[in-house]
Number of protein chains: 2
Amino acid sequence: MSQVDHTRMANAIRGLAMDAVEKAKSGHPGLPMGAADIATVLFTQFLKFDAADPAWPDRDRFVLSAGHGSMLLYSLLYLTGNKEMTLDQIKHFRQLGSLTPGHPENFHTKGIETTTGPLGQGIATAVGMALAEKMLAAEFGKKIVSHHTYVLASDGDLMEGISQEAIALAGHWRLNKMIVLYDDNGISIDGPTSLSDSVDQVKRFKSAGWAAELIDGHDPKAIAAAITRAQKSSKPSLIACKTTIGFGAPTKAGTAKAHGEALGAEELKGAKEKLGISLEPFSVPDDVLKAWREAGARGAAEHKAWDEQFAQLGNRKRAEFERRLRHERPASLAKGLRAFKKGLLENPLNVATRKSSEAAIEVIAAAMPMEFVAGSADLTGSNNNKAKSAVGFAAKTPKGRFIHYGIREHGMAACLNGIFLHGGFAPNGATFLVFTDYARGAMRLSALMGTGVVYVMTHDSIGLGEDGPTHQPVEHLSALRAMPNMRVFRPCDAVETAECWELALNRIDGPTVLALTRQNLPQLRTTVPNDSPCSHGAYELVAAQGDAKVSLFASGSEVQIAVEAQKQLAGRGIATRVVSVPSLELLLAQPAERQNAIIGNAPVKIAIEAAVRWGWDAVIGHDGEFIGMHGFGASAPAKDLFPHFGITAEAVVNAALKRV
Amino acid sequence: MSQVDHTRMANAIRGLAMDAVEKAKSGHPGLPMGAADIATVLFTQFLKFDAADPAWPDRDRFVLSAGHGSMLLYSLLYLTGNKEMTLDQIKHFRQLGSLTPGHPENFHTKGIETTTGPLGQGIATAVGMALAEKMLAAEFGKKIVSHHTYVLASDGDLMEGISQEAIALAGHWRLNKMIVLYDDNGISIDGPTSLSDSVDQVKRFKSAGWAAELIDGHDPKAIAAAITRAQKSSKPSLIACKTTIGFGAPTKAGTAKAHGEALGAEELKGAKEKLGISLEPFSVPDDVLKAWREAGARGAAEHKAWDEQFAQLGNRKRAEFERRLRHERPASLAKGLRAFKKGLLENPLNVATRKSSEAAIEVIAAAMPMEFVAGSADLTGSNNNKAKSAVGFAAKTPKGRFIHYGIREHGMAACLNGIFLHGGFAPNGATFLVFTDYARGAMRLSALMGTGVVYVMTHDSIGLGEDGPTHQPVEHLSALRAMPNMRVFRPCDAVETAECWELALNRIDGPTVLALTRQNLPQLRTTVPNDSPCSHGAYELVAAQGDAKVSLFASGSEVQIAVEAQKQLAGRGIATRVVSVPSLELLLAQPAERQNAIIGNAPVKIAIEAAVRWGWDAVIGHDGEFIGMHGFGASAPAKDLFPHFGITAEAVVNAALKRV
């Protein structure tokens, strides 16, 4: 591709981006204008993709970590011939219902790999994609799985702490097929990055085991040469591309004014004149569009060759590959868990739910040995989510399916998103429940994108004991329940734990938190109906003898307290029932009739949870009794903390007696 | 101090740590044993402190970022003669009510600078302390303020992303009085750090503008020489100290087994024999204790000299310094805001609450020009928390009181904690409300420690419009309200905004979130009573004409919708009142009588908030009507989004009519 062609092609991106932002009177023209040269080189010479099939499994992944520059991506989709991304969509940039929202949304627009905008998430999610590529290639061979993961990242992406977690992991794992193009324009919203930053990014990435170099981001030959070098590296690569934000804008280029607002009619005109772009809005010269469409079809032959390779796989392996990419679970999973649950009825498991989770994981890993990818943020022995058979993943053991993330909860969560989005795996990651605070940025994207990842969050209350209030979650259950499309399960025993694991793995359109105890619990469930009771969020675990005067609602470790209180109250002739509530928000999402049936009409309603009340009034009413936490926890053995904070069967009985 | 003395003194730490963990059967012996040499050199030769007065303003700060090694700190406090830290407290390590909880809690134990345990927080909070030192020194002179901030950090601290945000800021600001001693023991909970990490920390810190070197962490001369070099550096310094975790333990030293559990009787005995420590639990030889006590009194003379210097300050300056350290607000603040609010009644300000906040900030900054320290995570022009007069803080402008944090929300929040804990300032930091997800780890510590910091969180709903669901908070209000000791204010107009700012600044025992709109709002309040109505969380803004049939509850931008609906309903003869709820959790914390009076008895209760329902049932009941969000937002102009999601006066009227 000649230099002239390159510039005209890059200018097509610039023109569309300027026009779309101008029409919307909202958006970010600076990045698309500055990074157009990088994107043009990447998409016309390197990126393996077929615009006719954005879901081709062996495509290269391109992640626009700097999601505010969404018009770069929309322009590329339109120019390369993505079927749904019409010029009309570009004209409706940032309008209700368009395929061109303010930030790229993969759940909304085809051809977009992941949702970005919250800075740092793209680069960290891409690490998960590159990891998945390496794991899947080790399993199915490089003829079927062999693609790169490219990231376009901004200053802001690299300032966010999550970026450090991500690059440390990628460097450690030697994810050499991950290539980050850093749009090094030296400008952020407040002005020059020198206002707040002095980091030498090339040196920083090198310190994390990356290949890294600085180039001129407006020189297509330099860009191509750097990508070529990066493709040959045995390490992940950073290419810092010095660019001018808003390249071409006569007065705003190189300044923060080009970053996040429409250029304005005059500046836009000036930019187009300077760049030699037609003043006609949204116009792309025919020959330029043709060249772009050719770039979009560039991968068609390779795609066809891949199809042929794929066809040569045995039927079984092909079916397996396709099932895995559909996130469909093997039939052996349900069967195995069913037998496991029945076995529990015969041989109860009176252990911590983190331990009964471990037992369930043995069954799951047996059914899904290569797709169940567990990992922990350096709490493997505490989280208990490593199957005995699981081998640690490392650069030299890419078939390993247990991942040591180090103390990097946020990076882990983003990685889980990337692994799921890449396809082929059912990923889960573990830490203490309290540290969901560190991972919340990525967990919210799990919920928004609907990635079916599982968060194994152990040590779920003051029951963790001596580590004290910094490590004892009290508000986290509520804060997670409040998040749309996030499912929180807090099982009360081994049977519920197995049920919740199954529900979590079968939930492929959203994430699940499993909140598990450190401390031992008795097995309380005595039946394992096919219609898993946990699937309705709550169910009557112990019926009242006669018309219930008292309903006790509890989750997790406090269900045993409810059961004990029920016995004491029944002994005093007060008809009491116990409702186990593994998922409060799921209960509240049930149809009214079912919800009312579960909640019941007992005049006294008491909720018991070693956490804050926030949210429980929906079940017990503002005048209901709540036995739980009213502030932060304390450092002491767990056996001392429950009485200290008044979370005991006696407290429940007293509260009930006061009301009856 | 001779080499022999050093080793025996360090062994006193090791002995106490081993014994305390053994007795508790819980805790982390490995770090205190490994880092004892570093701590001994620091505390006996360098750290400026006076054990008799842990609150001496010009003491050096010591932050144990690796909070799990709390026995290191407790041992040091006991050995150096901290009055409250008796041997009996050490013997009750990790027990209910002791001064020796699992992780160091500054709000609980004197002589501890900040609460640590969640990894990365200590080092990031320390950056705020060092920043505060620099700012305060620029104001009061180096004779009054001149101290170092030392941090002992672990592998885990440096793996957490927040550490990158912190070191980038410290390097950029050239906080040369910050010295990080990195306990480089190569071991984390899961095993050798090589399981998950390959980062070269010396190179990494250098890339962020730090001086950095690697030394033998068991060689007291090397440690002392490195600290001496660091004190002379013009940059912040990292001293990576190669150590052996669990130093002295015969079989567990250098392994993960020494990290987080009691050594066990045999290993403990072996360690003591190897190190030459008495087998008698908790015993410290008299001469060693004496040497330690001398070290604790080492700073007494310097303290006295400082007292004399301080006495030479003018009365006014001395009183100002002391007032500032007490976090007491100047009388001019209340006076200025009172006049401002009265002025608003005459000249209403019908603007976004982020803009009326800006107007209030002008008044606040005039009253507290040097102590009101604002800052933004690269959204200065959007958050509107920079006073016109405010100068940007930089290495060369240490009197600047506006801080450009870059795109580092988590680092910013930790920095705010550090600034507050250091004393002398009323810090606030700003970003979009949705990005509290990134900062939550540090915000929780604000709440737990009770730091009086203010989080200026703008763009607080779908009202931010085009940026779309990644930038539109829907669950964040609820998730923050659920956090103990966190105050969330969402003012509805300019008057409430000023009131909430005053309440926030006067709240010096806990943090406050101000949730502010992007979009314009009408001024609704018509009175400014002395007893600020916002201080009760909620109040009747519009009374019903006659017995109310409908109560409308709303916060922030939705109060105008409630007011409009009230008019329409009143027009139809339905007596309706409006309750403004700037702080839902504060309303629910009021005494029952006041709470009932505010909530009232209208048969129909409707809450209106452009956020999720979670938590509102406490006011409106589970059968109450909620007009708000039921999932994530969307990208479109704000004016299109409110009708799209059905958050309008018409929807409120219809809901009311359905029920009346």
# chains A, B, ... in the order shown; residues from 1 in each chain; ligands from 1
>>> residues_around(residues="Cys500 (chain B)", least_positions_apart="2", cutoff="8 Å", atoms="only C-alpha atoms", output="compact mmCIF listing (two decimals) with N, CA, C and O atoms, in the first residue's frame")
# COMPACT_ATOMS: atom_id res chain seq x y z
N PHE B 489 -24.54 12.28 50.17
CA PHE B 489 -25.50 13.37 49.96
C PHE B 489 -25.74 13.55 48.47
O PHE B 489 -24.79 13.64 47.68
N PRO B 491 -27.73 16.31 46.74
CA PRO B 491 -28.55 17.51 46.87
C PRO B 491 -29.37 17.79 45.62
O PRO B 491 -28.97 17.43 44.52
N GLU B 496 -29.36 23.19 48.82
CA GLU B 496 -28.98 21.91 49.43
C GLU B 496 -27.50 21.61 49.21
O GLU B 496 -26.83 21.06 50.09
N THR B 497 -27.00 21.96 48.05
CA THR B 497 -25.58 21.69 47.76
C THR B 497 -24.69 22.42 48.75
O THR B 497 -23.73 21.84 49.30
N ALA B 498 -25.00 23.68 49.01
CA ALA B 498 -24.20 24.44 49.98
C ALA B 498 -24.33 23.82 51.38
O ALA B 498 -23.33 23.69 52.10
N GLU B 502 -21.30 22.05 53.69
CA GLU B 502 -20.97 22.42 55.06
C GLU B 502 -21.01 21.21 55.99
O GLU B 502 -20.12 21.01 56.82
N LEU B 503 -22.04 20.37 55.82
CA LEU B 503 -22.13 19.16 56.64
C LEU B 503 -20.94 18.24 56.38
O LEU B 503 -20.39 17.63 57.30
N ALA B 504 -20.52 18.17 55.13
CA ALA B 504 -19.39 17.31 54.77
C ALA B 504 -18.10 17.81 55.42
O ALA B 504 -17.33 17.03 55.98
N LEU B 514 -20.44 13.54 47.84
CA LEU B 514 -21.41 14.48 47.28
C LEU B 514 -21.70 14.02 45.85
O LEU B 514 -20.82 14.07 44.99
N CYS B 534 -30.96 19.34 55.63
CA CYS B 534 -30.23 18.18 55.09
C CYS B 534 -29.59 17.35 56.20
O CYS B 534 -29.28 16.17 56.00
N SER B 535 -29.38 17.95 57.37
CA SER B 535 -28.69 17.24 58.44
C SER B 535 -29.50 16.07 58.98
O SER B 535 -28.98 15.24 59.71
>>> interface_residues(of="chain B", to="chain A", cutoff="6 Å", atoms="only C-alpha atoms", output="count of residues only")
50
>>> select_by_dssp(residues="region 268-472 of chain A", states="strand (DSSP E)", output="number ranges by chain")
A: 372-376, 402-404, 426-432, 454-458
>>> residues_around(residues="Gly418 (chain B)", least_positions_apart="6", cutoff="7 Å", atoms="only C-alpha atoms", output="PDB file with N, CA, C and O atoms, in the first residue's frame")
ATOM      1  N   THR B 125      -1.556   5.474  50.764  1.00  0.00           N
ATOM      2  CA  THR B 125      -1.912   6.441  51.805  1.00  0.00           C
ATOM      3  C   THR B 125      -0.676   7.240  52.206  1.00  0.00           C
ATOM      4  O   THR B 125      -0.754   8.452  52.457  1.00  0.00           O
ATOM      5  N   ALA B 126       0.459   6.558  52.256  1.00  0.00           N
ATOM      6  CA  ALA B 126       1.712   7.227  52.616  1.00  0.00           C
ATOM      7  C   ALA B 126       2.064   8.333  51.623  1.00  0.00           C
ATOM      8  O   ALA B 126       2.645   9.356  52.004  1.00  0.00           O
ATOM      9  N   VAL B 127       1.714   8.141  50.368  1.00  0.00           N
ATOM     10  CA  VAL B 127       1.957   9.201  49.379  1.00  0.00           C
ATOM     11  C   VAL B 127       1.189  10.466  49.787  1.00  0.00           C
ATOM     12  O   VAL B 127       1.718  11.580  49.715  1.00  0.00           O
ATOM     13  N   GLY B 128      -0.035  10.282  50.247  1.00  0.00           N
ATOM     14  CA  GLY B 128      -0.815  11.428  50.725  1.00  0.00           C
ATOM     15  C   GLY B 128      -0.173  12.090  51.932  1.00  0.00           C
ATOM     16  O   GLY B 128      -0.174  13.324  52.057  1.00  0.00           O
ATOM     17  N   MET B 129       0.390  11.280  52.817  1.00  0.00           N
ATOM     18  CA  MET B 129       1.064  11.841  53.998  1.00  0.00           C
ATOM     19  C   MET B 129       2.292  12.660  53.578  1.00  0.00           C
ATOM     20  O   MET B 129       2.518  13.758  54.091  1.00  0.00           O
TER      21      MET B 129
END
>>> atom_distance(atom1="CA of Ala36 (chain B)", atom2="CA of Gly423 (chain B)")
29.1 Å
>>> closest_residue(among="B:Leu586, B:Leu175, B:Leu73, B:Val495", to="Ser356 (chain B)", atoms="only C-alpha atoms")
B:Val495
>>> residues_around(residues="Glu346 (chain A)", least_positions_apart="3", cutoff="12 Å", atoms="only C-alpha atoms", output="list in words")
Ala339, Phe340, Lys341, Lys342, Gly343, Leu349, Val495, Gln523, Arg525, Thr526, Thr527 and Val528 of chain A
>>> write_last_selection(atoms="all heavy atoms", output="mmCIF file, in the first residue's frame")
data_model
loop_
_atom_site.group_PDB
_atom_site.id
_atom_site.type_symbol
_atom_site.label_atom_id
_atom_site.label_comp_id
_atom_site.auth_asym_id
_atom_site.auth_seq_id
_atom_site.Cartn_x
_atom_site.Cartn_y
_atom_site.Cartn_z
ATOM 1 N N ALA A 339 -25.554 -36.692 40.826
ATOM 2 C CA ALA A 339 -25.079 -37.832 41.627
ATOM 3 C C ALA A 339 -24.384 -37.321 42.900
ATOM 4 O O ALA A 339 -24.558 -37.887 43.984
ATOM 5 C CB ALA A 339 -24.120 -38.679 40.795
ATOM 6 N N PHE A 340 -23.643 -36.263 42.750
ATOM 7 C CA PHE A 340 -22.928 -35.692 43.898
ATOM 8 C C PHE A 340 -23.904 -35.241 44.971
ATOM 9 O O PHE A 340 -23.735 -35.525 46.160
ATOM 10 C CB PHE A 340 -22.065 -34.522 43.415
ATOM 11 C CG PHE A 340 -21.401 -33.742 44.510
ATOM 12 C CD1 PHE A 340 -20.387 -34.300 45.286
ATOM 13 C CD2 PHE A 340 -21.786 -32.424 44.777
ATOM 14 C CE1 PHE A 340 -19.771 -33.573 46.301
ATOM 15 C CE2 PHE A 340 -21.172 -31.690 45.786
ATOM 16 C CZ PHE A 340 -20.172 -32.277 46.555
ATOM 17 N N LYS A 341 -24.962 -34.533 44.554
ATOM 18 C CA LYS A 341 -25.949 -34.044 45.523
ATOM 19 C C LYS A 341 -26.660 -35.207 46.220
ATOM 20 O O LYS A 341 -26.883 -35.170 47.431
ATOM 21 C CB LYS A 341 -26.962 -33.122 44.831
ATOM 22 C CG LYS A 341 -26.396 -31.744 44.493
ATOM 23 C CD LYS A 341 -27.457 -30.794 43.953
ATOM 24 C CE LYS A 341 -27.851 -31.155 42.548
ATOM 25 N NZ LYS A 341 -28.844 -30.227 41.977
ATOM 26 N N LYS A 342 -27.007 -36.229 45.431
ATOM 27 C CA LYS A 342 -27.659 -37.384 46.051
ATOM 28 C C LYS A 342 -26.727 -38.046 47.060
ATOM 29 O O LYS A 342 -27.149 -38.483 48.140
ATOM 30 C CB LYS A 342 -28.088 -38.383 44.977
ATOM 31 C CG LYS A 342 -29.294 -37.911 44.200
ATOM 32 C CD LYS A 342 -29.973 -39.038 43.450
ATOM 33 C CE LYS A 342 -31.301 -38.561 42.891
ATOM 34 N NZ LYS A 342 -31.898 -39.539 41.974
ATOM 35 N N GLY A 343 -25.466 -38.099 46.693
ATOM 36 C CA GLY A 343 -24.475 -38.660 47.603
ATOM 37 C C GLY A 343 -24.392 -37.885 48.908
ATOM 38 O O GLY A 343 -24.197 -38.462 49.978
ATOM 39 N N LEU A 349 -21.979 -33.531 54.385
ATOM 40 C CA LEU A 349 -20.686 -32.869 54.429
ATOM 41 C C LEU A 349 -20.843 -31.638 55.328
ATOM 42 O O LEU A 349 -21.354 -30.605 54.896
ATOM 43 C CB LEU A 349 -20.324 -32.456 52.995
ATOM 44 C CG LEU A 349 -18.859 -32.392 52.560
ATOM 45 C CD1 LEU A 349 -18.080 -33.635 52.954
ATOM 46 C CD2 LEU A 349 -18.795 -32.182 51.053
ATOM 47 N N VAL A 495 -25.245 -28.904 49.989
ATOM 48 C CA VAL A 495 -26.193 -29.153 48.899
ATOM 49 C C VAL A 495 -26.460 -27.849 48.141
ATOM 50 O O VAL A 495 -26.399 -27.793 46.910
ATOM 51 C CB VAL A 495 -27.512 -29.748 49.432
ATOM 52 C CG1 VAL A 495 -28.503 -29.926 48.289
ATOM 53 C CG2 VAL A 495 -27.250 -31.078 50.135
ATOM 54 N N GLN A 523 -24.783 -29.581 57.341
ATOM 55 C CA GLN A 523 -25.612 -29.760 56.147
ATOM 56 C C GLN A 523 -27.064 -29.756 56.578
ATOM 57 O O GLN A 523 -27.463 -30.533 57.452
ATOM 58 C CB GLN A 523 -25.237 -31.057 55.435
ATOM 59 C CG GLN A 523 -25.916 -31.206 54.082
ATOM 60 C CD GLN A 523 -25.420 -32.421 53.328
ATOM 61 O OE1 GLN A 523 -24.211 -32.619 53.190
ATOM 62 N NE2 GLN A 523 -26.329 -33.241 52.853
ATOM 63 N N ARG A 525 -29.947 -29.271 54.198
ATOM 64 C CA ARG A 525 -30.919 -29.705 53.185
ATOM 65 C C ARG A 525 -31.073 -31.213 53.194
ATOM 66 O O ARG A 525 -30.092 -31.948 53.321
ATOM 67 C CB ARG A 525 -30.444 -29.253 51.803
ATOM 68 C CG ARG A 525 -31.011 -27.913 51.390
ATOM 69 C CD ARG A 525 -32.396 -28.038 50.775
ATOM 70 N NE ARG A 525 -32.302 -28.601 49.463
ATOM 71 C CZ ARG A 525 -31.874 -27.925 48.408
ATOM 72 N NH1 ARG A 525 -31.517 -26.661 48.514
ATOM 73 N NH2 ARG A 525 -31.796 -28.503 47.234
ATOM 74 N N THR A 526 -32.306 -31.657 53.027
ATOM 75 C CA THR A 526 -32.585 -33.085 53.086
ATOM 76 C C THR A 526 -33.183 -33.618 51.787
ATOM 77 O O THR A 526 -33.484 -34.805 51.692
ATOM 78 C CB THR A 526 -33.550 -33.389 54.242
ATOM 79 O OG1 THR A 526 -34.685 -32.534 54.113
ATOM 80 C CG2 THR A 526 -32.885 -33.130 55.588
ATOM 81 N N THR A 527 -33.375 -32.731 50.810
ATOM 82 C CA THR A 527 -33.898 -33.179 49.517
ATOM 83 C C THR A 527 -33.120 -32.505 48.391
ATOM 84 O O THR A 527 -32.537 -31.436 48.586
ATOM 85 C CB THR A 527 -35.380 -32.793 49.334
ATOM 86 O OG1 THR A 527 -35.479 -31.355 49.388
ATOM 87 C CG2 THR A 527 -36.270 -33.392 50.413
ATOM 88 N N VAL A 528 -33.133 -33.158 47.235
ATOM 89 C CA VAL A 528 -32.491 -32.531 46.068
ATOM 90 C C VAL A 528 -33.427 -32.599 44.868
ATOM 91 O O VAL A 528 -33.198 -33.340 43.915
ATOM 92 C CB VAL A 528 -31.126 -33.182 45.739
ATOM 93 C CG1 VAL A 528 -30.098 -32.809 46.777
ATOM 94 C CG2 VAL A 528 -31.237 -34.699 45.655
#
>>> atom_distance(atom1="CA of Phe62 (chain B)", atom2="CA of Ala211 (chain B)")
19.1 Å
>>> closest_residue(among="A:Ala17, A:Val488, A:Ile608, A:Val145", to="Asp58 (chain A)", atoms="only C-alpha atoms")
A:Val145
>>> select_by_dssp(residues="region 169-367 of chain B", states="alpha helix (DSSP H)", output="number ranges by chain")
B: 169-173, 201-207, 220-232, 265-275, 286-297, 300-312, 315-325, 331-346, 353-367
>>> write_last_selection(atoms="C-alpha atoms", output="CSV table (one decimal), in the first residue's frame")
chain,number,residue,atom,x,y,z
B,169,LEU,CA,2.2,10.3,41.8
B,170,ALA,CA,5.1,10.3,44.2
B,171,GLY,CA,7.6,10.2,41.4
B,172,HIS,CA,5.9,13.0,39.6
B,173,TRP,CA,5.7,15.2,42.7
B,201,GLN,CA,10.7,-3.7,40.9
B,202,VAL,CA,13.9,-1.6,40.9
B,203,LYS,CA,13.5,-0.9,37.2
B,204,ARG,CA,9.8,-0.3,37.6
B,205,PHE,CA,10.3,2.3,40.3
B,206,LYS,CA,13.0,4.0,38.4
B,207,SER,CA,10.7,4.3,35.4
B,220,PRO,CA,22.2,-3.6,59.1
B,221,LYS,CA,25.1,-1.6,57.6
B,222,ALA,CA,23.7,-2.0,54.1
B,223,ILE,CA,20.3,-1.0,55.3
B,224,ALA,CA,21.6,2.1,57.2
B,225,ALA,CA,23.7,3.1,54.2
B,226,ALA,CA,20.8,2.8,51.8
B,227,ILE,CA,18.5,4.9,54.1
B,228,THR,CA,21.2,7.5,54.4
B,229,ARG,CA,21.5,7.7,50.6
B,230,ALA,CA,17.7,7.8,50.3
B,231,GLN,CA,17.5,10.7,52.7
B,232,LYS,CA,19.8,12.7,50.5
B,265,ALA,CA,5.6,-25.5,69.1
B,266,GLU,CA,8.5,-27.4,67.6
B,267,GLU,CA,9.4,-25.0,64.8
B,268,LEU,CA,9.1,-22.1,67.3
B,269,LYS,CA,11.5,-23.8,69.7
B,270,GLY,CA,13.9,-24.5,66.8
B,271,ALA,CA,13.8,-20.9,65.7
B,272,LYS,CA,14.4,-19.5,69.2
B,273,GLU,CA,17.3,-21.9,69.7
B,274,LYS,CA,18.8,-20.9,66.4
B,275,LEU,CA,18.4,-17.3,67.0
B,286,ASP,CA,16.5,-6.5,80.4
B,287,ASP,CA,19.5,-5.0,78.5
B,288,VAL,CA,17.7,-5.4,75.2
B,289,LEU,CA,14.5,-3.9,76.4
B,290,LYS,CA,16.6,-1.0,77.9
B,291,ALA,CA,18.3,-0.4,74.6
B,292,TRP,CA,14.9,-0.4,72.8
B,293,ARG,CA,13.5,2.0,75.4
B,294,GLU,CA,16.5,4.3,74.7
B,295,ALA,CA,15.7,4.1,71.1
B,296,GLY,CA,12.1,5.1,71.9
B,297,ALA,CA,13.3,8.1,73.8
B,300,ALA,CA,12.8,13.4,73.0
B,301,ALA,CA,15.5,16.0,72.7
B,302,GLU,CA,14.5,16.8,69.2
B,303,HIS,CA,10.9,16.9,70.2
B,304,LYS,CA,11.8,19.4,72.9
B,305,ALA,CA,13.7,21.5,70.4
B,306,TRP,CA,10.7,21.4,68.2
B,307,ASP,CA,8.5,22.6,71.0
B,308,GLU,CA,10.8,25.6,71.4
B,309,GLN,CA,10.8,26.4,67.8
B,310,PHE,CA,7.0,26.1,67.8
B,311,ALA,CA,6.8,28.4,70.8
B,312,GLN,CA,8.6,31.0,68.8
B,315,ASN,CA,0.4,33.4,68.6
B,316,ARG,CA,-1.8,33.6,65.6
B,317,LYS,CA,0.3,31.2,63.5
B,318,ARG,CA,0.5,28.8,66.4
B,319,ALA,CA,-3.2,28.8,66.9
B,320,GLU,CA,-3.8,28.4,63.2
B,321,PHE,CA,-1.4,25.4,63.1
B,322,GLU,CA,-3.1,23.8,66.1
B,323,ARG,CA,-6.6,24.5,64.8
B,324,ARG,CA,-5.7,22.9,61.5
B,325,LEU,CA,-4.3,19.8,63.1
B,331,ALA,CA,-15.5,30.5,62.0
B,332,SER,CA,-15.5,32.3,58.7
B,333,LEU,CA,-16.6,29.1,57.0
B,334,ALA,CA,-20.1,28.9,58.6
B,335,LYS,CA,-20.4,32.7,58.2
B,336,GLY,CA,-19.5,32.7,54.6
B,337,LEU,CA,-21.8,29.8,53.7
B,338,ARG,CA,-24.7,31.4,55.6
B,339,ALA,CA,-24.4,34.6,53.6
B,340,PHE,CA,-24.0,32.5,50.4
B,341,LYS,CA,-27.2,30.6,51.1
B,342,LYS,CA,-29.1,33.7,51.9
B,343,GLY,CA,-27.8,35.3,48.7
B,344,LEU,CA,-29.2,32.3,46.8
B,345,LEU,CA,-32.7,33.0,48.0
B,346,GLU,CA,-32.4,36.4,46.5
B,353,THR,CA,-25.3,20.9,41.2
B,354,ARG,CA,-21.8,20.4,40.1
B,355,LYS,CA,-21.9,24.1,39.2
B,356,SER,CA,-23.6,25.2,42.4
B,357,SER,CA,-21.0,23.1,44.1
B,358,GLU,CA,-18.4,25.2,42.3
B,359,ALA,CA,-20.1,28.4,43.6
B,360,ALA,CA,-20.0,27.0,47.2
B,361,ILE,CA,-16.4,26.1,46.8
B,362,GLU,CA,-15.5,29.7,46.0
B,363,VAL,CA,-17.0,30.6,49.4
B,364,ILE,CA,-15.2,27.7,51.1
B,365,ALA,CA,-11.8,28.4,49.5
B,366,ALA,CA,-12.1,32.0,50.6
B,367,ALA,CA,-12.6,30.9,54.2
>>> decode(residues="region 600-607 of chain B", atoms="N, CA, C and O atoms", output="compact mmCIF listing (two decimals), in the first residue's frame")
# COMPACT_ATOMS: atom_id res chain seq x y z
N GLY B 600 -43.95 10.04 57.16
CA GLY B 600 -45.38 10.35 57.13
C GLY B 600 -46.27 9.14 56.91
O GLY B 600 -45.78 8.02 56.77
N ASN B 601 -47.58 9.40 56.86
CA ASN B 601 -48.55 8.31 56.82
C ASN B 601 -49.40 8.27 55.56
O ASN B 601 -50.43 7.61 55.52
N ALA B 602 -48.99 9.00 54.55
CA ALA B 602 -49.80 8.98 53.32
C ALA B 602 -49.94 7.55 52.83
O ALA B 602 -48.97 6.80 52.83
N PRO B 603 -51.14 7.15 52.43
CA PRO B 603 -51.35 5.75 52.02
C PRO B 603 -50.55 5.37 50.77
O PRO B 603 -50.20 4.21 50.60
N VAL B 604 -50.28 6.34 49.92
CA VAL B 604 -49.49 6.04 48.71
C VAL B 604 -48.11 6.66 48.85
O VAL B 604 -47.99 7.87 49.08
N LYS B 605 -47.09 5.82 48.74
CA LYS B 605 -45.71 6.29 48.84
C LYS B 605 -44.97 5.96 47.55
O LYS B 605 -44.97 4.81 47.10
N ILE B 606 -44.37 6.98 47.00
CA ILE B 606 -43.64 6.80 45.73
C ILE B 606 -42.24 7.38 45.88
O ILE B 606 -42.08 8.51 46.33
N ALA B 607 -41.25 6.59 45.52
CA ALA B 607 -39.88 7.10 45.50
C ALA B 607 -39.44 7.30 44.06
O ALA B 607 -39.81 6.51 43.18
